[in-house]
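What's in run20.cif: mmCIF, C-alpha atoms and all ligand atoms
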data_work
loop_
_atom_site.label_atom_id
_atom_site.label_comp_id
_atom_site.auth_asym_id
_atom_site.auth_seq_id
_atom_site.Cartn_x
_atom_site.Cartn_y
_atom_site.Cartn_z
CA MET A 21 -88.55 -275.70 33.40
CA SER A 22 -87.10 -272.80 31.46
CA SER A 23 -86.94 -274.94 28.35
CA HIS A 24 -90.60 -275.92 28.52
CA GLN A 25 -93.54 -273.71 27.87
CA PRO A 26 -96.59 -274.63 29.88
CA THR A 27 -98.10 -276.79 27.19
CA LEU A 28 -101.50 -278.34 27.31
CA PHE A 29 -101.16 -281.61 25.52
CA GLY A 30 -103.84 -283.33 23.45
CA GLY A 31 -107.36 -284.05 24.54
CA SER A 32 -106.31 -284.98 28.06
CA LYS A 33 -105.05 -281.42 28.58
CA ARG A 34 -102.17 -282.72 30.58
CA LEU A 35 -99.68 -280.17 31.87
CA VAL A 36 -96.05 -280.82 31.15
CA TYR A 37 -93.49 -280.48 33.89
CA ASP A 38 -89.76 -280.37 33.86
CA GLU A 39 -87.56 -283.03 35.45
CA ALA A 40 -87.35 -281.24 38.78
CA ILE A 41 -91.11 -281.32 39.26
CA GLU A 42 -91.39 -284.86 37.93
CA LEU A 43 -88.86 -285.97 40.54
CA THR A 44 -90.81 -284.13 43.23
CA LEU A 45 -93.97 -285.86 42.05
CA GLN A 46 -92.25 -289.24 42.14
CA SER A 47 -91.01 -288.73 45.68
CA MET A 48 -94.44 -287.57 46.82
CA GLN A 49 -96.08 -290.54 45.08
CA ALA A 50 -93.60 -292.87 46.74
CA TYR A 51 -93.86 -291.52 50.30
CA GLY A 52 -97.16 -289.60 50.44
CA PRO A 53 -99.65 -292.49 50.30
CA GLY A 54 -97.95 -294.23 53.22
CA HIS A 55 -99.07 -291.47 55.57
CA ASP A 56 -102.55 -290.48 56.65
CA HIS A 57 -101.76 -286.83 57.22
CA TRP A 58 -99.37 -284.36 55.69
CA VAL A 59 -98.04 -281.47 57.70
CA PHE A 60 -96.10 -278.66 56.06
CA ALA A 61 -93.46 -276.81 58.09
CA PHE A 62 -93.91 -273.57 56.22
CA SER A 63 -91.59 -270.61 56.68
CA GLY A 64 -92.93 -268.29 53.99
CA GLY A 65 -89.55 -268.28 52.21
CA LYS A 66 -89.08 -269.13 48.54
CA ASP A 67 -88.32 -272.83 48.96
CA SER A 68 -91.11 -273.33 51.42
CA THR A 69 -93.62 -271.45 49.28
CA ALA A 70 -92.59 -273.39 46.18
CA THR A 71 -92.97 -276.67 48.06
CA LEU A 72 -96.43 -275.88 49.35
CA THR A 73 -97.81 -274.44 46.11
CA VAL A 74 -96.36 -277.10 43.83
CA ILE A 75 -97.75 -279.92 45.94
CA MET A 76 -101.18 -278.33 46.25
CA HIS A 77 -101.15 -277.86 42.49
CA LEU A 78 -100.23 -281.50 41.87
CA ILE A 79 -103.16 -282.53 44.04
CA ASP A 80 -105.50 -280.12 42.26
CA VAL A 81 -104.68 -281.46 38.80
CA GLY A 82 -105.06 -285.05 39.91
CA ARG A 83 -101.43 -286.13 39.68
CA LEU A 84 -101.14 -286.69 43.41
CA ALA A 85 -103.70 -288.27 45.70
CA ALA A 86 -104.59 -286.09 48.69
CA PRO A 87 -104.08 -287.56 52.17
CA ARG A 88 -106.78 -287.64 54.83
CA SER A 89 -105.76 -284.20 56.05
CA ILE A 90 -103.30 -281.43 55.28
CA THR A 91 -101.98 -279.04 57.91
CA VAL A 92 -99.78 -276.03 57.32
CA LEU A 93 -97.76 -274.81 60.30
CA TYR A 94 -96.48 -271.34 59.49
CA ALA A 95 -93.40 -270.37 61.49
CA ASP A 96 -93.91 -266.68 62.19
CA THR A 97 -90.77 -265.37 63.87
CA ARG A 98 -92.23 -261.81 63.97
CA MET A 99 -89.02 -260.83 62.18
CA GLU A 100 -89.84 -261.80 58.61
CA LEU A 101 -89.17 -259.62 55.60
CA PRO A 102 -92.51 -257.88 54.99
CA PRO A 103 -93.11 -259.13 51.42
CA LEU A 104 -92.69 -262.68 52.73
CA SER A 105 -94.98 -262.30 55.71
CA ILE A 106 -97.60 -260.53 53.60
CA SER A 107 -97.64 -263.19 50.91
CA ALA A 108 -97.60 -265.97 53.50
CA ALA A 109 -100.76 -264.50 55.03
CA LEU A 110 -102.45 -264.39 51.61
CA LEU A 111 -101.48 -267.98 50.85
CA LEU A 112 -102.76 -269.22 54.20
CA ASP A 113 -106.07 -267.38 53.72
CA ARG A 114 -106.54 -269.06 50.39
CA LEU A 115 -105.74 -272.51 51.76
CA ARG A 116 -108.04 -272.06 54.74
CA VAL A 117 -110.96 -271.34 52.43
CA ARG A 118 -110.47 -274.74 50.84
CA GLY A 119 -110.36 -276.53 54.16
CA VAL A 120 -106.63 -276.82 54.82
CA ARG A 121 -105.85 -276.39 58.49
CA CYS A 122 -103.38 -273.48 58.78
CA ASP A 123 -101.84 -272.57 62.14
CA VAL A 124 -99.57 -269.61 62.78
CA VAL A 125 -96.74 -270.77 65.04
CA MET A 126 -95.03 -268.16 67.18
CA ALA A 127 -92.68 -268.25 70.14
CA PRO A 128 -94.35 -267.43 73.46
CA LEU A 129 -94.44 -263.68 74.14
CA ASP A 130 -91.40 -263.56 76.45
CA LYS A 131 -89.25 -265.62 74.08
CA ARG A 132 -89.80 -263.51 70.97
CA PHE A 133 -86.70 -261.80 69.65
CA LEU A 134 -87.45 -258.21 70.65
CA VAL A 135 -89.19 -259.04 73.93
CA TYR A 136 -86.39 -261.35 75.04
CA MET A 137 -83.77 -258.78 74.12
CA LEU A 138 -85.38 -255.55 75.27
CA GLY A 139 -87.57 -256.89 78.09
CA ARG A 140 -85.24 -259.42 79.63
CA GLY A 141 -82.04 -257.67 78.57
CA VAL A 142 -80.33 -260.55 76.74
CA PRO A 143 -77.89 -259.05 74.21
CA PRO A 144 -78.38 -259.58 70.48
CA PRO A 145 -77.19 -263.00 69.30
CA ASN A 146 -73.79 -263.31 67.70
CA ASN A 147 -71.92 -265.81 65.63
CA ASN A 148 -69.34 -266.74 68.20
CA THR A 149 -70.66 -267.63 71.55
CA PHE A 150 -74.25 -266.74 71.89
CA ARG A 151 -76.66 -267.66 69.16
CA TRP A 152 -79.92 -268.03 70.98
CA CYS A 153 -82.35 -266.96 68.29
CA THR A 154 -82.83 -269.70 65.70
CA ARG A 155 -83.81 -272.35 68.13
CA GLN A 156 -85.88 -270.07 70.31
CA ILE A 157 -87.90 -268.23 67.69
CA LYS A 158 -88.05 -270.85 64.96
CA VAL A 159 -87.29 -274.43 65.87
CA ASP A 160 -88.81 -274.87 69.31
CA PRO A 161 -92.16 -273.23 68.58
CA MET A 162 -92.43 -275.39 65.46
CA THR A 163 -91.53 -278.56 67.34
CA GLU A 164 -94.13 -277.80 69.97
CA ALA A 165 -96.84 -276.98 67.43
CA LEU A 166 -96.06 -280.16 65.57
CA GLN A 167 -96.30 -282.22 68.72
CA GLN A 168 -99.65 -280.65 69.53
CA ARG A 169 -100.98 -281.32 66.06
CA ILE A 170 -99.75 -284.90 66.17
CA ASP A 171 -101.61 -285.44 69.42
CA GLU A 172 -104.81 -284.38 67.68
CA LEU A 173 -104.33 -286.71 64.72
CA ASP A 174 -104.60 -290.46 64.55
CA GLY A 175 -102.43 -292.37 62.12
CA THR A 176 -99.11 -291.60 60.54
CA ILE A 177 -97.81 -288.21 59.53
CA LEU A 178 -95.53 -287.02 56.78
CA MET A 179 -93.89 -283.74 57.60
CA ILE A 180 -92.99 -281.89 54.45
CA THR A 181 -90.26 -279.25 54.55
CA GLY A 182 -88.89 -276.87 51.95
CA VAL A 183 -85.28 -277.86 52.57
CA ARG A 184 -83.48 -277.56 49.29
CA GLN A 185 -79.87 -278.29 48.68
CA GLY A 186 -79.37 -278.33 44.94
CA GLU A 187 -77.62 -281.15 43.19
CA SER A 188 -74.05 -280.73 44.35
CA ALA A 189 -74.98 -280.67 48.01
CA ILE A 190 -77.03 -283.81 47.61
CA ARG A 191 -74.08 -285.53 45.99
CA ASP A 192 -71.90 -284.49 48.93
CA GLY A 193 -74.51 -285.61 51.42
CA ARG A 194 -74.51 -282.26 53.19
CA ILE A 195 -77.45 -280.70 54.99
CA GLU A 196 -76.76 -277.07 55.63
CA MET A 197 -77.45 -276.01 59.20
CA SER A 198 -76.18 -272.46 59.08
CA CYS A 199 -78.03 -269.51 57.69
CA GLY A 200 -75.13 -267.75 56.06
CA LYS A 201 -74.86 -269.65 52.82
CA ASP A 202 -76.21 -268.35 49.57
CA GLY A 203 -79.83 -269.04 49.05
CA ALA A 204 -80.16 -270.97 52.30
CA GLU A 205 -82.77 -270.06 54.79
CA CYS A 206 -81.98 -269.81 58.48
CA GLY A 207 -83.31 -272.79 60.41
CA GLN A 208 -84.25 -275.03 57.52
CA GLY A 209 -81.64 -277.66 58.22
CA TRP A 210 -82.85 -277.64 61.77
CA TYR A 211 -86.37 -278.44 60.70
CA GLN A 212 -85.07 -281.39 58.80
CA GLN A 213 -82.84 -282.78 61.52
CA VAL A 214 -84.28 -281.66 64.83
CA LEU A 215 -88.00 -282.08 64.37
CA PRO A 216 -88.04 -285.83 63.82
CA GLU A 217 -86.07 -286.13 67.06
CA ALA A 218 -88.70 -284.31 69.06
CA LYS A 219 -90.07 -286.06 72.09
CA GLY A 220 -92.77 -288.66 71.62
CA ILE A 221 -93.14 -288.31 67.87
CA ARG A 222 -90.60 -290.81 66.71
CA GLY A 223 -92.17 -293.66 64.80
CA ARG A 224 -95.36 -291.86 63.82
CA ILE A 225 -93.72 -289.23 61.71
CA ALA A 226 -91.43 -289.15 58.73
CA THR A 227 -89.86 -286.08 57.19
CA LEU A 228 -89.64 -285.43 53.49
CA ALA A 229 -88.05 -282.59 51.54
CA PRO A 230 -89.56 -283.09 48.10
CA LEU A 231 -87.68 -280.15 46.57
CA LEU A 232 -84.31 -281.21 47.94
CA HIS A 233 -82.93 -281.58 44.43
CA TRP A 234 -84.28 -278.29 43.04
CA ARG A 235 -81.79 -275.68 41.95
CA VAL A 236 -82.44 -272.03 42.54
CA CYS A 237 -83.50 -271.56 38.90
CA ASN A 238 -86.19 -274.21 39.34
CA VAL A 239 -87.53 -272.34 42.35
CA PHE A 240 -87.72 -268.96 40.66
CA ASP A 241 -89.09 -270.41 37.43
CA TRP A 242 -91.91 -271.87 39.44
CA LEU A 243 -92.60 -268.83 41.63
CA LYS A 244 -92.16 -266.22 38.93
CA VAL A 245 -93.58 -267.81 35.80
CA TYR A 246 -95.64 -270.88 36.46
CA ALA A 247 -97.26 -270.62 39.88
CA PRO A 248 -99.07 -267.34 39.06
CA MET A 249 -100.60 -268.85 35.89
CA ALA A 250 -104.19 -270.02 36.23
CA GLU A 251 -103.46 -273.53 34.94
CA TYR A 252 -100.76 -273.99 37.58
CA GLY A 253 -102.94 -272.72 40.39
CA GLY A 254 -102.83 -268.92 40.02
CA TRP A 255 -100.80 -268.53 43.21
CA GLU A 256 -99.85 -265.05 44.43
CA THR A 257 -96.15 -265.70 44.60
CA ARG A 258 -94.86 -262.50 43.05
CA ALA A 259 -94.21 -260.77 46.39
CA VAL A 260 -92.09 -263.75 47.41
CA VAL A 261 -89.98 -263.20 44.31
CA ASP A 262 -89.81 -259.48 45.18
CA ALA A 263 -88.34 -260.38 48.55
CA TYR A 264 -85.43 -261.92 46.68
CA GLY A 265 -84.95 -259.06 44.22
CA GLY A 266 -87.80 -259.37 41.70
CA ASP A 267 -86.48 -259.85 38.16
CA GLU A 268 -82.92 -260.08 39.48
CA ALA A 269 -83.83 -262.66 42.11
CA GLN A 270 -82.07 -265.60 40.58
CA GLU A 271 -78.82 -263.72 40.02
CA ILE A 272 -78.80 -262.21 43.50
CA ASN A 273 -79.86 -265.45 45.19
CA ALA A 274 -80.00 -263.63 48.50
CA ARG A 275 -80.35 -265.49 51.74
CA THR A 276 -83.23 -264.28 53.78
CA GLY A 277 -83.78 -264.37 57.45
CA CYS A 278 -84.92 -261.97 60.09
CA ASN A 279 -85.10 -258.26 59.43
CA GLY A 280 -81.65 -256.97 60.41
CA CYS A 281 -80.29 -260.43 61.39
CA PRO A 282 -77.31 -259.64 63.65
CA LEU A 283 -75.46 -262.71 62.41
CA ALA A 284 -75.39 -261.84 58.75
CA SER A 285 -72.46 -259.73 57.59
CA ARG A 286 -74.79 -257.58 55.48
CA ASP A 287 -78.51 -257.01 55.48
CA LEU A 288 -78.64 -258.35 51.95
CA GLY A 289 -82.20 -259.60 52.19
CA LEU A 290 -83.54 -256.21 53.15
CA GLU A 291 -81.25 -254.33 50.76
CA THR A 292 -82.62 -256.51 47.99
CA VAL A 293 -86.24 -255.91 48.99
CA ILE A 294 -86.01 -252.13 49.07
CA ARG A 295 -84.46 -251.99 45.62
CA VAL A 296 -87.80 -253.25 44.28
CA PRO A 297 -89.78 -249.99 43.86
CA VAL A 298 -93.01 -251.14 45.53
CA TRP A 299 -91.11 -251.96 48.70
CA SER A 300 -88.69 -249.01 48.79
CA HIS A 301 -90.67 -247.37 51.61
CA LEU A 302 -89.30 -250.08 53.92
CA SER A 303 -85.82 -248.55 53.88
CA PRO A 304 -86.06 -247.42 57.56
CA LEU A 305 -85.78 -251.14 58.43
CA LEU A 306 -82.14 -250.92 57.39
CA ARG A 307 -81.53 -249.12 60.69
CA LEU A 308 -82.29 -252.28 62.69
CA LYS A 309 -79.02 -254.06 62.03
CA PRO A 310 -76.82 -251.11 63.12
CA LEU A 311 -79.04 -250.80 66.20
CA TYR A 312 -78.40 -254.43 67.14
CA ARG A 313 -74.68 -253.90 66.56
CA GLU A 314 -74.71 -250.81 68.73
CA LEU A 315 -76.42 -252.72 71.53
CA ARG A 316 -73.40 -254.99 71.81
CA LEU A 317 -71.17 -252.06 72.78
CA PRO A 318 -69.77 -251.91 76.34
CA ARG A 319 -71.60 -248.73 77.27
CA HIS A 320 -74.97 -250.43 76.85
CA ARG A 321 -74.13 -253.52 78.90
CA LEU A 322 -73.21 -254.65 82.38
CA LYS A 323 -70.10 -256.61 83.26
CA LYS A 324 -68.87 -258.81 86.05
CA THR A 325 -65.83 -257.73 88.02
CA GLY A 326 -63.33 -259.54 90.23
CA LEU A 327 -63.10 -263.29 89.81
CA VAL A 328 -65.39 -264.28 86.98
CA ARG A 329 -66.05 -267.29 84.81
CA PRO A 330 -65.88 -266.30 81.16
CA VAL A 331 -68.63 -267.29 78.77
CA VAL A 332 -67.17 -269.77 76.29
CA GLY A 333 -70.33 -270.72 74.48
CA SER A 334 -74.02 -271.33 74.92
CA GLU A 335 -76.10 -274.43 75.00
CA TRP A 336 -79.71 -275.42 75.23
CA ASN A 337 -81.00 -275.88 78.77
CA GLU A 338 -84.04 -278.12 78.87
CA GLU A 339 -85.21 -276.98 82.29
CA ALA A 340 -84.91 -273.28 81.57
CA GLY A 341 -86.24 -273.80 78.05
CA GLU A 342 -83.65 -271.49 76.57
CA ASP A 343 -80.02 -271.18 75.56
CA LEU A 344 -77.87 -270.51 78.62
CA PRO A 345 -74.24 -269.44 78.63
CA VAL A 346 -71.55 -272.08 79.17
CA PHE A 347 -68.82 -270.84 81.52
CA GLY A 348 -65.09 -271.55 81.36
CA GLU A 349 -62.56 -271.65 84.21
CA PRO A 350 -62.68 -268.76 86.70
CA GLU A 351 -60.38 -265.89 85.74
CA ILE A 352 -59.64 -262.44 87.00
CA ALA A 353 -61.63 -259.88 85.10
CA THR A 354 -59.62 -257.49 83.03
CA ALA A 355 -60.81 -254.41 81.29
CA LYS A 356 -59.97 -255.95 77.95
CA ASN A 357 -61.88 -259.17 78.08
CA LYS A 358 -65.11 -258.48 76.28
CA GLN A 359 -66.48 -261.98 76.88
CA ARG A 360 -67.51 -260.96 80.35
CA MET A 361 -69.94 -258.40 79.12
CA GLY A 362 -73.47 -259.19 80.08
CA PRO A 363 -77.01 -257.92 79.66
CA LEU A 364 -78.37 -254.68 78.29
CA THR A 365 -78.93 -251.78 80.67
CA PHE A 366 -82.45 -250.43 81.10
CA GLU A 367 -81.43 -247.20 79.36
CA ALA A 368 -80.14 -249.14 76.35
CA ARG A 369 -83.31 -251.21 76.20
CA LEU A 370 -85.56 -248.16 76.31
CA MET A 371 -83.42 -246.39 73.73
CA ALA A 372 -83.68 -249.42 71.42
CA LEU A 373 -87.42 -249.74 72.02
CA ASP A 374 -87.94 -246.11 70.99
CA ARG A 375 -85.89 -246.60 67.87
CA VAL A 376 -87.70 -249.78 66.82
CA LEU A 377 -91.05 -248.05 67.30
CA ALA A 378 -89.85 -245.03 65.30
CA ILE A 379 -88.68 -247.30 62.46
CA GLN A 380 -92.03 -249.06 62.44
CA ALA A 381 -93.93 -245.75 62.48
CA GLU A 382 -91.88 -244.38 59.57
CA CYS A 383 -92.49 -247.48 57.44
CA ASN A 384 -96.19 -247.47 58.19
CA GLU A 385 -96.73 -243.77 57.56
CA ALA A 386 -95.20 -244.27 54.13
CA ALA A 387 -97.17 -247.47 53.54
CA ILE A 388 -100.46 -245.76 54.33
CA ARG A 389 -99.57 -242.81 52.11
CA LEU A 390 -98.74 -245.19 49.25
CA GLY A 391 -101.67 -247.52 49.83
CA CYS A 392 -99.36 -250.46 50.67
CA PRO A 393 -99.81 -253.03 53.44
CA THR A 394 -98.44 -251.92 56.82
CA ILE A 395 -95.80 -253.86 58.74
CA ASP A 396 -95.91 -255.29 62.23
CA LEU A 397 -92.48 -255.33 63.88
CA LEU A 398 -93.64 -254.88 67.41
CA ASN A 399 -97.32 -254.98 68.36
CA ALA A 400 -98.98 -253.30 71.33
CA GLU A 401 -98.90 -256.46 73.43
CA GLU A 402 -95.17 -256.93 72.87
CA GLU A 403 -94.37 -253.30 73.58
CA ALA A 404 -96.40 -253.39 76.80
CA ARG A 405 -94.64 -256.58 77.88
CA ILE A 406 -91.20 -255.07 77.26
CA ARG A 407 -92.10 -252.03 79.37
CA GLU A 408 -93.54 -254.27 82.07
CA LEU A 409 -90.39 -256.42 82.24
CA ILE A 410 -88.19 -253.32 82.45
CA ALA A 411 -90.41 -251.82 85.16
CA ALA A 412 -90.12 -255.11 87.09
CA LYS A 413 -86.31 -254.78 86.80
CA THR A 414 -85.90 -258.05 84.93
CA TRP A 415 -82.39 -259.40 84.29
CA PRO A 416 -81.20 -262.63 82.68
CA ASN A 417 -80.20 -265.55 84.92
CA GLY A 418 -77.16 -264.84 87.08
CA TRP A 419 -77.35 -261.04 86.91
CA GLU A 420 -78.62 -258.72 89.62
CA GLY A 421 -78.43 -255.37 87.89
CA ASP A 422 -75.96 -253.92 90.39
CA GLU A 423 -72.97 -254.82 88.19
CA PRO A 424 -71.08 -251.90 86.59
CA THR A 425 -71.52 -251.05 82.95
CA ALA A 426 -68.97 -252.67 80.70
CA ASP A 427 -67.30 -249.37 79.82
CA THR A 428 -66.41 -248.71 83.47
CA PRO A 429 -62.60 -248.40 83.72
CA MET A 430 -61.03 -251.26 85.65
CA ASP A 431 -57.68 -252.12 87.15
CA THR A 432 -55.25 -253.77 84.76
CA VAL A 433 -54.47 -257.33 85.79
CA TYR A 434 -51.20 -258.89 84.60
CA ALA A 435 -50.49 -262.54 83.90
CA ASP A 436 -48.57 -262.94 87.20
CA GLY A 437 -51.63 -261.74 89.09
CA SER A 438 -50.23 -258.31 89.93
CA VAL A 439 -52.63 -255.44 89.59
CA GLN A 440 -52.09 -251.97 88.24
CA PRO A 441 -54.85 -249.89 89.81
CA ILE A 442 -56.48 -247.27 87.69
CA PHE A 443 -56.09 -243.66 88.68
CA LEU A 444 -59.14 -241.60 88.04
S1 LIG B 501 -82.12 -265.07 60.63
FE1 LIG B 501 -80.56 -264.33 62.05
S2 LIG B 501 -81.69 -263.37 63.76
FE2 LIG B 501 -83.13 -264.67 62.61
S3 LIG B 501 -83.11 -266.61 63.70
FE3 LIG B 501 -81.63 -266.78 62.00
S4 LIG B 501 -79.65 -266.20 62.92
FE4 LIG B 501 -81.27 -265.49 64.31
#

Would you give me this structure, written as structure tokens?
Amino acid sequence: MSSHQPTLFGGSKRLVYDEAIELTLQSMQAYGPGHDHWVFAFSGGKDSTATLTVIMHLIDVGRLAAPRSITVLYADTRMELPPLSISAALLLDRLRVRGVRCDVVMAPLDKRFLVYMLGRGVPPPNNNTFRWCTRQIKVDPMTEALQQRIDELDGTILMITGVRQGESAIRDGRIEMSCGKDGAECGQGWYQQVLPEAKGIRGRIATLAPLLHWRVCNVFDWLKVYAPMAEYGGWETRAVVDAYGGDEAQEINARTGCNGCPLASRDLGLETVIRVPVWSHLSPLLRLKPLYRELRLPRHRLKKTGLVRPVVGSEWNEEAGEDLPVFGEPEIATAKNKQRMGPLTFEARLMALDRVLAIQAECNEAAIRLGCPTIDLLNAEEEARIRELIAAKTWPNGWEGDEPTADTPMDTVYADGSVQPIFL
């Protein structure tokens, strides 16, 4: 697209697109008409926003025939980078006005990241054994919303995702499932692979990623230059570009995910956002990631003693509707084995709750002073629920709350089973 200016050609005033958009158009023309309804799994990220706006534009200028209905399902994790959540809300408002059905999809109250962690006491997710978040706050709510919407619709459905792999990945046949790769968005590969498997929807639904071949330069060309122009739809996509570093977005190519994602090595998404002057007042959000890291420390958690079964991983439990730990062979607990650490103490949860609220208050005081939109990390309902769960002495499955904290000194157990008692 960089090589083309938006040219209006001849009397027909036909817009000219680059190859990436032409290919998108061809794939939509090939697969779109075969489905009565189109449903967008929209995350608010750059790829997702480009997908939605480019396709709406192609419909508007008559290059693509509209289906019987269009639905946008916006996956709101409650953890989005503020410029993304703010521009997603604006985009949805605009689409609603023109009759597009737009639903905000959220995990149920008790399953949301902060409520699950601070109310129920489940420690922050980590890369090794316990990654409960992506599925719980992104994939499952979307799958459920999609199933509900499908039940309301008759006919066939094309689910359109913003999964984008660039050319080399397509050649290799890879679909990226992790959220740590450059430019990739946490959960996107899941949308592509898990959703079509969802119960009862096989056969009526197909999934299409019409921007799969786009490179990152195509995405930013569209969001930065073309989409905001009146002839390409006049979309308000500049805040999305800001979330990725504004003018430097393409070079930085930051991954985005939740504010303070505990799995990312650095909070690059947030660091990038606050370097853009209009968003610099969000810098208190940088304290979230260290808070999550701190919550994993032994002094904030309980542990099992005696003969225990170490956690060796986690897996989805259909009945419980959540990720549950997978246990290995029983072993004698030793002071050194960190895998046996369990949930967050009430003190730790209340400490973290106070800090999250303070971070939110700081951001919002500055936002109001500067006339910027406020953020919504934790709303009144979520805060009340966390306090209620703590007051009800809620612990994750398998924990009673009478276990010692994980920094309690313990006997040293040797390989031959002999025990060196501690002397206090
Ligand atoms: S971005 Fe991080 S915290 Fe958010 S769902 Fe993905 S892995 Fe979990």

As a ChimeraX atom specification, please: every protein or nucleic acid residue near ligand LIG 501 (chain B) (cut-off 9 Å, counting only C-alpha atoms and all ligand atoms). /A:97,99-100,133,144-147,151-158,198-200,205-207,276-284

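With distances restricted to all atoms listed in the file, A:Ala40 is the closest residue to Arg235 (chain A) from A:Leu178, A:Ala95, A:Ala50, A:Ala40.
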
Within 9 Å of Ile41 (chain A), counting all atoms listed in the file, which residues qualify if same-chain residues fewer than 3 places away don't, as a count of residues only? 10

Polymer residues at most 9 Å from Arg307 (chain A), all atoms listed in the file, same-chain spacing of 6 or more positions, as a PyMOL selection string: chain A and resi 280+375-376+379

Residue with smallest distance to Val135 (chain A) - pool A:Arg295, A:Arg405, A:Lys413, A:His320, counting only C-alpha atoms: A:Arg405

Work out how far CA of Leu110 (chain A) is from CA of Thr69 (chain A), in Å to one decimal. 11.5 Å

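Going from CA of Gly139 (chain A) over to CA of Ala263 (chain A), you cover 29.8 Å.
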
Could you tell me how far CA of Glu271 (chain A) lies from CA of Gly182 (chain A), in Å and to one decimal? 20.4 Å

With all atoms listed in the file as the counted atoms, please give the residues lying no more than 9 Å from Ala108 (chain A), apart from itself and same-chain residues fewer than 2 positions off, as a list in words. Phe62, Ser63, Gly64, Gly65, Thr69, Tyr94, Pro103, Leu104, Ser105, Ile106, Leu110, Leu111, Leu112, Asp113 and Val260 of chain A
